[in-house]
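Here is entry15.pdb, consisting of PDB, C-alpha atoms:
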ATOM      1  CA  MET A   1      89.999   3.888 137.322
ATOM      2  CA  ARG A   2      92.689   3.477 134.724
ATOM      3  CA  TYR A   3      91.685   6.234 132.318
ATOM      4  CA  LYS A   4      92.931   9.674 133.309
ATOM      5  CA  ASP A   5      91.131  12.678 131.837
ATOM      6  CA  ASP A   6      93.776  15.103 130.475
ATOM      7  CA  SER A   7      91.457  18.084 130.869
ATOM      8  CA  LEU A   8      90.967  17.188 134.533
ATOM      9  CA  LYS A   9      94.731  17.022 134.984
ATOM     10  CA  LEU A  10      95.033  20.534 133.590
ATOM     11  CA  ARG A  11      92.259  21.787 135.858
ATOM     12  CA  ILE A  12      93.931  20.198 138.880
ATOM     13  CA  LYS A  13      97.256  21.802 137.985
ATOM     14  CA  GLU A  14      95.617  25.203 137.481
ATOM     15  CA  TYR A  15      93.798  24.859 140.801
ATOM     16  CA  ILE A  16      97.018  23.931 142.634
ATOM     17  CA  GLU A  17      98.821  26.994 141.274
ATOM     18  CA  THR A  18      95.910  29.375 141.897
ATOM     19  CA  TYR A  19      95.524  28.021 145.419
ATOM     20  CA  TYR A  20      99.228  28.531 146.043
ATOM     21  CA  LYS A  21      99.115  32.163 144.882
ATOM     22  CA  GLU A  22      96.212  32.844 147.236
ATOM     23  CA  HIS A  23      97.373  30.863 150.288
ATOM     24  CA  ASN A  24     101.146  30.566 149.867
ATOM     25  CA  ASP A  25     100.648  26.836 150.303
ATOM     26  CA  THR A  26      99.472  23.909 148.217
ATOM     27  CA  PRO A  27      96.027  22.350 148.630
ATOM     28  CA  THR A  28      95.548  19.018 150.325
ATOM     29  CA  THR A  29      94.316  15.987 148.436
ATOM     30  CA  ARG A  30      90.974  16.518 150.149
ATOM     31  CA  ASP A  31      90.876  20.148 148.924
ATOM     32  CA  ILE A  32      91.580  19.006 145.375
ATOM     33  CA  ALA A  33      88.944  16.276 145.559
ATOM     34  CA  ALA A  34      86.314  18.724 146.828
ATOM     35  CA  LYS A  35      87.149  21.274 144.132
ATOM     36  CA  MET A  36      87.062  18.662 141.363
ATOM     37  CA  HIS A  37      83.962  16.937 142.781
ATOM     38  CA  THR A  38      85.666  13.583 143.053
ATOM     39  CA  ALA A  39      86.831  11.157 145.747
ATOM     40  CA  SER A  40      90.085  11.788 147.630
ATOM     41  CA  SER A  41      91.427   8.454 146.381
ATOM     42  CA  THR A  42      90.762   9.548 142.788
ATOM     43  CA  ALA A  43      92.504  12.884 143.384
ATOM     44  CA  HIS A  44      95.475  11.012 144.836
ATOM     45  CA  ARG A  45      95.687   8.735 141.770
ATOM     46  CA  TYR A  46      95.536  11.785 139.487
ATOM     47  CA  LEU A  47      98.356  13.476 141.373
ATOM     48  CA  LYS A  48     100.517  10.358 141.018
ATOM     49  CA  SER A  49      99.700  10.153 137.301
ATOM     50  CA  MET A  50     100.482  13.859 136.833
ATOM     51  CA  HIS A  51     103.801  13.332 138.594
ATOM     52  CA  ASP A  52     104.602  10.407 136.266
ATOM     53  CA  ASP A  53     103.712  12.606 133.261
ATOM     54  CA  GLY A  54     106.027  15.399 134.488
ATOM     55  CA  MET A  55     103.173  17.877 134.933
ATOM     56  CA  ILE A  56     103.857  18.284 138.646
ATOM     57  CA  SER A  57     106.160  17.019 141.342
ATOM     58  CA  TYR A  58     104.352  14.875 143.890
ATOM     59  CA  ILE A  59     106.772  13.276 146.341
ATOM     60  CA  ASP A  60     105.856  12.135 149.849
ATOM     61  CA  GLY A  61     102.635  14.115 149.666
ATOM     62  CA  VAL A  62     104.378  17.376 148.737
ATOM     63  CA  ILE A  63     103.065  19.009 145.567
ATOM     64  CA  SER A  64     105.021  21.431 143.404
ATOM     65  CA  THR A  65     104.959  22.779 139.873
ATOM     66  CA  LYS A  66     107.394  24.782 137.783
ATOM     67  CA  LEU A  67     105.414  27.945 138.545
ATOM     68  CA  ILE A  68     105.476  27.260 142.285
ATOM     69  CA  ASP A  69     109.226  26.656 142.075
ATOM     70  CA  MET A  70     109.647  30.012 140.336
ATOM     71  CA  LEU A  71     107.565  31.696 143.021
ATOM     72  CA  ASN A  72     109.915  30.193 145.600
ATOM     73  CA  PRO A  73     113.451  30.794 144.310
ATOM     74  CA  ALA A  74     116.308  29.350 146.302
ATOM     75  CA  VAL A  75     117.724  32.027 148.577
ATOM     76  CA  ASN A  76     120.910  32.529 150.521
ATOM     77  CA  ASN A  77     120.210  34.247 153.834
ATOM     78  CA  ALA A  78     123.065  36.729 154.104
ATOM     79  CA  ALA A  79     123.845  38.419 157.387
ATOM     80  CA  VAL A  80     123.918  42.209 157.342
ATOM     81  CA  VAL A  81     126.870  42.849 159.630
ATOM     82  CA  GLY A  82     127.126  46.605 159.897
ATOM     83  CA  SER A  83     129.269  49.112 158.089
ATOM     84  CA  ILE A  84     132.762  49.006 156.750
ATOM     85  CA  PRO A  85     134.786  52.149 156.190
ATOM     86  CA  CYS A  86     135.551  53.193 152.647
ATOM     87  CA  GLY A  87     137.756  56.059 153.793
ATOM     88  CA  THR A  88     140.692  55.492 156.102
ATOM     89  CA  PRO A  89     140.851  51.987 157.577
ATOM     90  CA  ASP A  90     138.989  51.595 160.815
ATOM     91  CA  GLU A  91     138.388  48.730 163.171
ATOM     92  CA  ARG A  92     134.722  47.783 163.442
ATOM     93  CA  GLU A  93     133.196  44.956 165.360
ATOM     94  CA  ALA A  94     130.915  43.061 163.018
ATOM     95  CA  GLN A  95     127.488  42.706 164.563
ATOM     96  CA  ILE A  96     124.632  41.091 162.737
ATOM     97  CA  GLU A  97     121.798  43.572 162.221
ATOM     98  CA  GLU A  98     119.484  41.268 160.303
ATOM     99  CA  TYR A  99     119.421  38.567 157.643
ATOM    100  CA  MET A 100     118.552  39.395 154.062
ATOM    101  CA  PRO A 101     117.379  36.656 151.661
ATOM    102  CA  LEU A 102     119.281  36.943 148.382
ATOM    103  CA  PRO A 103     118.261  34.831 145.366
ATOM    104  CA  VAL A 104     120.875  32.187 144.609
ATOM    105  CA  SER A 105     120.288  32.642 140.866
ATOM    106  CA  VAL A 106     121.664  36.205 141.139
ATOM    107  CA  PHE A 107     124.028  36.212 144.115
ATOM    108  CA  GLY A 108     125.151  32.581 144.197
ATOM    109  CA  ASP A 109     125.337  30.247 147.159
ATOM    110  CA  GLY A 110     128.123  29.669 149.641
ATOM    111  CA  SER A 111     129.183  31.914 152.486
ATOM    112  CA  ILE A 112     128.209  35.531 151.818
ATOM    113  CA  TYR A 113     127.401  38.517 153.968
ATOM    114  CA  ILE A 114     126.423  42.155 153.475
ATOM    115  CA  LEU A 115     128.184  45.309 154.627
ATOM    116  CA  HIS A 116     127.064  48.934 154.598
ATOM    117  CA  ALA A 117     129.582  51.068 152.712
ATOM    118  CA  ASP A 118     130.730  53.967 154.862
ATOM    119  CA  GLY A 119     132.396  56.913 153.138
ATOM    120  CA  ASP A 120     133.183  57.995 149.597
ATOM    121  CA  SER A 121     136.555  56.438 148.822
ATOM    122  CA  MET A 122     135.041  53.888 146.403
ATOM    123  CA  ILE A 123     132.657  56.150 144.485
ATOM    124  CA  ASN A 124     134.446  55.664 141.151
ATOM    125  CA  ALA A 125     133.791  51.935 141.486
ATOM    126  CA  GLY A 126     130.083  52.668 141.874
ATOM    127  CA  ILE A 127     130.039  52.184 145.644
ATOM    128  CA  ASP A 128     128.472  55.145 147.421
ATOM    129  CA  ASP A 129     128.086  55.899 151.091
ATOM    130  CA  GLY A 130     125.299  53.733 152.530
ATOM    131  CA  ASP A 131     125.208  51.184 149.713
ATOM    132  CA  LEU A 132     124.919  47.519 150.617
ATOM    133  CA  VAL A 133     127.948  45.561 149.432
ATOM    134  CA  VAL A 134     127.617  41.799 149.067
ATOM    135  CA  ILE A 135     130.810  40.061 150.169
ATOM    136  CA  ARG A 136     131.786  36.498 149.337
ATOM    137  CA  GLU A 137     133.782  35.188 152.270
ATOM    138  CA  GLN A 138     137.157  33.924 151.056
ATOM    139  CA  THR A 139     140.807  34.397 151.840
ATOM    140  CA  ASP A 140     142.178  34.717 148.311
ATOM    141  CA  ALA A 141     141.633  37.380 145.668
ATOM    142  CA  LYS A 142     142.843  38.374 142.228
ATOM    143  CA  ILE A 143     144.492  41.646 141.359
ATOM    144  CA  GLY A 144     141.708  44.060 140.507
ATOM    145  CA  ASP A 145     139.169  42.568 142.903
ATOM    146  CA  ILE A 146     137.461  44.835 145.411
ATOM    147  CA  VAL A 147     138.285  43.248 148.730
ATOM    148  CA  VAL A 148     137.557  43.440 152.403
ATOM    149  CA  ALA A 149     141.078  43.356 153.780
ATOM    150  CA  MET A 150     142.575  43.420 157.212
ATOM    151  CA  ASP A 151     146.018  44.959 157.482
ATOM    152  CA  ASN A 152     148.806  44.150 159.929
ATOM    153  CA  GLU A 153     147.153  46.399 162.549
ATOM    154  CA  ASN A 154     143.946  44.354 162.392
ATOM    155  CA  ARG A 155     141.987  47.158 160.772
ATOM    156  CA  ASN A 156     139.673  46.423 157.883
ATOM    157  CA  THR A 157     138.709  48.381 154.815
ATOM    158  CA  LEU A 158     137.048  47.988 151.421
ATOM    159  CA  LYS A 159     139.440  48.756 148.573
ATOM    160  CA  ARG A 160     140.609  47.504 145.190
ATOM    161  CA  LEU A 161     143.534  45.099 145.423
ATOM    162  CA  ILE A 162     146.488  45.937 143.210
ATOM    163  CA  TYR A 163     150.168  45.104 143.256
ATOM    164  CA  ASP A 164     152.749  47.886 143.026
ATOM    165  CA  ASN A 165     155.663  46.419 141.080
ATOM    166  CA  LYS A 166     157.865  49.416 141.805
ATOM    167  CA  ARG A 167     157.427  49.124 145.555
ATOM    168  CA  GLN A 168     157.102  45.333 145.448
ATOM    169  CA  ASN A 169     154.118  45.518 147.740
ATOM    170  CA  TRP A 170     150.389  44.923 147.798
ATOM    171  CA  CYS A 171     148.314  48.056 147.605
ATOM    172  CA  LEU A 172     144.762  48.760 148.711
ATOM    173  CA  HIS A 173     143.647  51.306 146.157
ATOM    174  CA  PRO A 174     140.747  53.720 146.790
ATOM    175  CA  GLU A 175     138.547  54.547 143.812
ATOM    176  CA  ASN A 176     138.603  58.251 144.619
ATOM    177  CA  PRO A 177     141.615  60.478 143.883
ATOM    178  CA  ALA A 178     141.035  62.376 147.109
ATOM    179  CA  TYR A 179     142.359  59.378 149.042
ATOM    180  CA  ASP A 180     145.854  57.900 149.204
ATOM    181  CA  ASP A 181     146.792  54.325 148.428
ATOM    182  CA  ILE A 182     147.328  52.082 151.417
ATOM    183  CA  TYR A 183     150.437  49.892 151.521
ATOM    184  CA  PRO A 184     149.966  47.384 154.344
ATOM    185  CA  LYS A 185     152.961  45.542 155.726
ATOM    186  CA  SER A 186     150.850  42.425 155.736
ATOM    187  CA  LEU A 187     147.496  41.728 154.223
ATOM    188  CA  ASP A 188     144.698  39.417 155.295
ATOM    189  CA  ILE A 189     141.875  39.073 152.772
ATOM    190  CA  GLN A 190     138.474  38.567 154.433
ATOM    191  CA  GLY A 191     136.364  38.439 151.288
ATOM    192  CA  ILE A 192     135.663  39.960 147.897
ATOM    193  CA  ALA A 193     132.835  42.257 146.841
ATOM    194  CA  THR A 194     130.561  40.623 144.275
ATOM    195  CA  HIS A 195     127.526  42.916 144.067
ATOM    196  CA  VAL A 196     126.395  46.359 145.136
ATOM    197  CA  ILE A 197     122.803  46.973 146.187
ATOM    198  CA  LYS A 198     122.099  50.667 145.706
ATOM    199  CA  ILE A 199     120.302  52.668 148.362
ATOM    200  CA  LEU A 200     118.386  55.366 146.488
TER
END

Is it possible to express this structure as structure tokens?
Amino acid sequence: MRYKDDSLKLRIKEYIETYYKEHNDTPTTRDIAAKMHTASSTAHRYLKSMHDDGMISYIDGVISTKLIDMLNPAVNNAAVVGSIPCGTPDEREAQIEEYMPLPVSVFGDGSIYILHADGDSMINAGIDDGDLVVIREQTDAKIGDIVVAMDNENRNTLKRLIYDNKRQNWCLHPENPAYDDIYPKSLDIQGIATHVIKIL
């Protein structure tokens, strides 16, 4: 059968997407053939033709469409590793509580994790007690970044990184005037904050 009915192609595509919404899976070739009242071999040939036309993706028996791809965005499973103090620095053992899927289109890929903000020292940066802070794991940062930093006493904290030219020293700056700047003797950057997920 060389001729391919364009209206049948559209009906097959619509059926695939409707089936996916209902079952969170794509139909088999046999399902498609039964729905379209045709032979499985004919359904298979139509799927290959639709793939060649760019209507669907049909590779190694796996069917997808643009809509199905949008319903399944790429995610980065970020570990939620407990709280980090936003007051005075405090040593906390990071323990994974759960994994949270974050869409790559919003949060990016690479190595990221999530911390619970603890305290009110970063409220003027929009980080409130209990918020989830997405951290990109890296050892370098720019002045002005909000960082997870470990000082020379191996205590970590979430603060804005600045450089005090007068004191010739790095400074971990709280975004709340009730707290004092921290001037560590040495500084180990663990990551930078990229997003805040508000807990309302």

### Task
Name every residue that the PyMOL selection byres ((chain A and resi 179-192) around 10) selects in this structure, writing the answer as an MDAnalysis selection string with chains first and numbers rising.
chainID A and resid 86:89 111:113 120:122 133:142 145:164 167 169:178 193:195

Excluding A:Asp69 and residues on its chain fewer than 5 positions from it, collect all residues at most 12 Å away from it, counting only C-alpha atoms, and give them as a PDB file with C-alpha atoms, keeping the file's coordinate frame.
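Saved result, result-v2.pdb, follows:
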ATOM      1  CA  GLU A  17      98.821  26.994 141.274  1.00  0.00           C
ATOM      2  CA  TYR A  20      99.228  28.531 146.043  1.00  0.00           C
ATOM      3  CA  LYS A  21      99.115  32.163 144.882  1.00  0.00           C
ATOM      4  CA  ASN A  24     101.146  30.566 149.867  1.00  0.00           C
ATOM      5  CA  ASP A  25     100.648  26.836 150.303  1.00  0.00           C
ATOM      6  CA  THR A  26      99.472  23.909 148.217  1.00  0.00           C
ATOM      7  CA  ILE A  56     103.857  18.284 138.646  1.00  0.00           C
ATOM      8  CA  SER A  57     106.160  17.019 141.342  1.00  0.00           C
ATOM      9  CA  ILE A  63     103.065  19.009 145.567  1.00  0.00           C
ATOM     10  CA  SER A  64     105.021  21.431 143.404  1.00  0.00           C
ATOM     11  CA  ALA A  74     116.308  29.350 146.302  1.00  0.00           C
ATOM     12  CA  VAL A  75     117.724  32.027 148.577  1.00  0.00           C
TER      13      VAL A  75
END

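Here atom CA of A:Asn72 stands at a distance of 26.6 Å from atom CA of A:Leu200.
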
### Task
Can you give me, as number ranges by chain, the residues this file yields under the PyMOL selection byres ((chain A and resi 5-14) around 10)?
A: 2-4, 15-20, 32-33, 35-36, 43, 46-47, 49-50, 55-56, 63-65

Non-local contacts of A:Thr29 (9 Å; only C-alpha atoms; under 5 positions in same chain excluded) as a PDB file with C-alpha atoms, in the frame of the given file:
ATOM      1  CA  ALA A  34      86.314  18.724 146.828  1.00  0.00           C
ATOM      2  CA  SER A  40      90.085  11.788 147.630  1.00  0.00           C
ATOM      3  CA  SER A  41      91.427   8.454 146.381  1.00  0.00           C
ATOM      4  CA  ALA A  43      92.504  12.884 143.384  1.00  0.00           C
ATOM      5  CA  HIS A  44      95.475  11.012 144.836  1.00  0.00           C
ATOM      6  CA  LEU A  47      98.356  13.476 141.373  1.00  0.00           C
ATOM      7  CA  GLY A  61     102.635  14.115 149.666  1.00  0.00           C
TER       8      GLY A  61
END

Mind working out the centre and edge lengths of an axis-aligned box for stretch 46-49 of chain A, all listed atoms inside, 8 Å added to each side, rounded to one decimal in Å and written as JSON?
{"center_x": 98.0, "center_y": 11.8, "center_z": 139.3, "size_x": 21.0, "size_y": 19.3, "size_z": 20.1}

### Task
Mind giving me the straight-line distance from atom CA of A:Met70 to atom CA of A:Asp31 in Å, one decimal?
22.9 Å

### Task
Select, from A:Ile199, A:Ile114, A:Asp109, A:Ala125, the residue with the minimum atom-to-atom distance to A:Gln95, counting all atoms listed in the file.
A:Ile114

#### Entry: Using only C-alpha atoms: which of A:Tyr99, A:Phe107, A:Ile123, A:Lys166 has the shortest distance to A:Val80
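Ranking A:Tyr99, A:Phe107, A:Ile123, A:Lys166 by distance to A:Val80, first place goes to A:Tyr99.
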
### Message
So the first atom is atom CA of A:Glu22 and the second is atom CA of A:Asp52; what is the distance between them in Å, to one decimal place?
### Response
26.3 Å

#### Entry: Contacts of A:Ala117 within 8 Å, all atoms listed in the file, excl. fewer than 3 positions in-chain, as a list in words
Ser83, Ile84, Pro85, Cys86, Ile127, Asp128, Asp129, Gly130, Asp131, Leu132 and Val133 of chain A

Could you write stretch 8-22 of chain A as a compact mmCIF listing (two decimals), keeping the file's coordinate frame, with N, CA and C atoms rebuilt where they are missing?
# COMPACT_ATOMS: atom_id res chain seq x y z
N LEU A 8 91.04 17.14 133.07
CA LEU A 8 90.97 17.19 134.53
C LEU A 8 92.35 17.41 135.12
N LYS A 9 93.35 16.80 134.53
CA LYS A 9 94.73 17.02 134.98
C LYS A 9 95.09 18.50 134.89
N LEU A 10 94.72 19.12 133.77
CA LEU A 10 95.03 20.53 133.59
C LEU A 10 94.29 21.39 134.60
N ARG A 11 93.03 21.03 134.88
CA ARG A 11 92.26 21.79 135.86
C ARG A 11 92.83 21.63 137.27
N ILE A 12 93.30 20.42 137.58
CA ILE A 12 93.93 20.20 138.88
C ILE A 12 95.19 21.04 139.01
N LYS A 13 96.00 21.03 137.97
CA LYS A 13 97.26 21.80 137.99
C LYS A 13 96.96 23.30 138.15
N GLU A 14 95.99 23.79 137.39
CA GLU A 14 95.62 25.20 137.48
C GLU A 14 95.11 25.53 138.88
N TYR A 15 94.32 24.64 139.45
CA TYR A 15 93.80 24.86 140.80
C TYR A 15 94.93 24.89 141.83
N ILE A 16 95.88 23.98 141.70
CA ILE A 16 97.02 23.93 142.63
C ILE A 16 97.77 25.26 142.60
N GLU A 17 98.04 25.76 141.40
CA GLU A 17 98.82 26.99 141.27
C GLU A 17 98.03 28.22 141.75
N THR A 18 96.75 28.27 141.43
CA THR A 18 95.91 29.38 141.90
C THR A 18 95.80 29.35 143.42
N TYR A 19 95.61 28.18 143.96
CA TYR A 19 95.52 28.02 145.42
C TYR A 19 96.82 28.50 146.08
N TYR A 20 97.94 28.14 145.47
CA TYR A 20 99.23 28.53 146.04
C TYR A 20 99.38 30.06 146.05
N LYS A 21 99.00 30.70 144.96
CA LYS A 21 99.12 32.16 144.88
C LYS A 21 98.27 32.85 145.96
N GLU A 22 97.13 32.25 146.27
CA GLU A 22 96.21 32.84 147.24
C GLU A 22 96.57 32.53 148.68
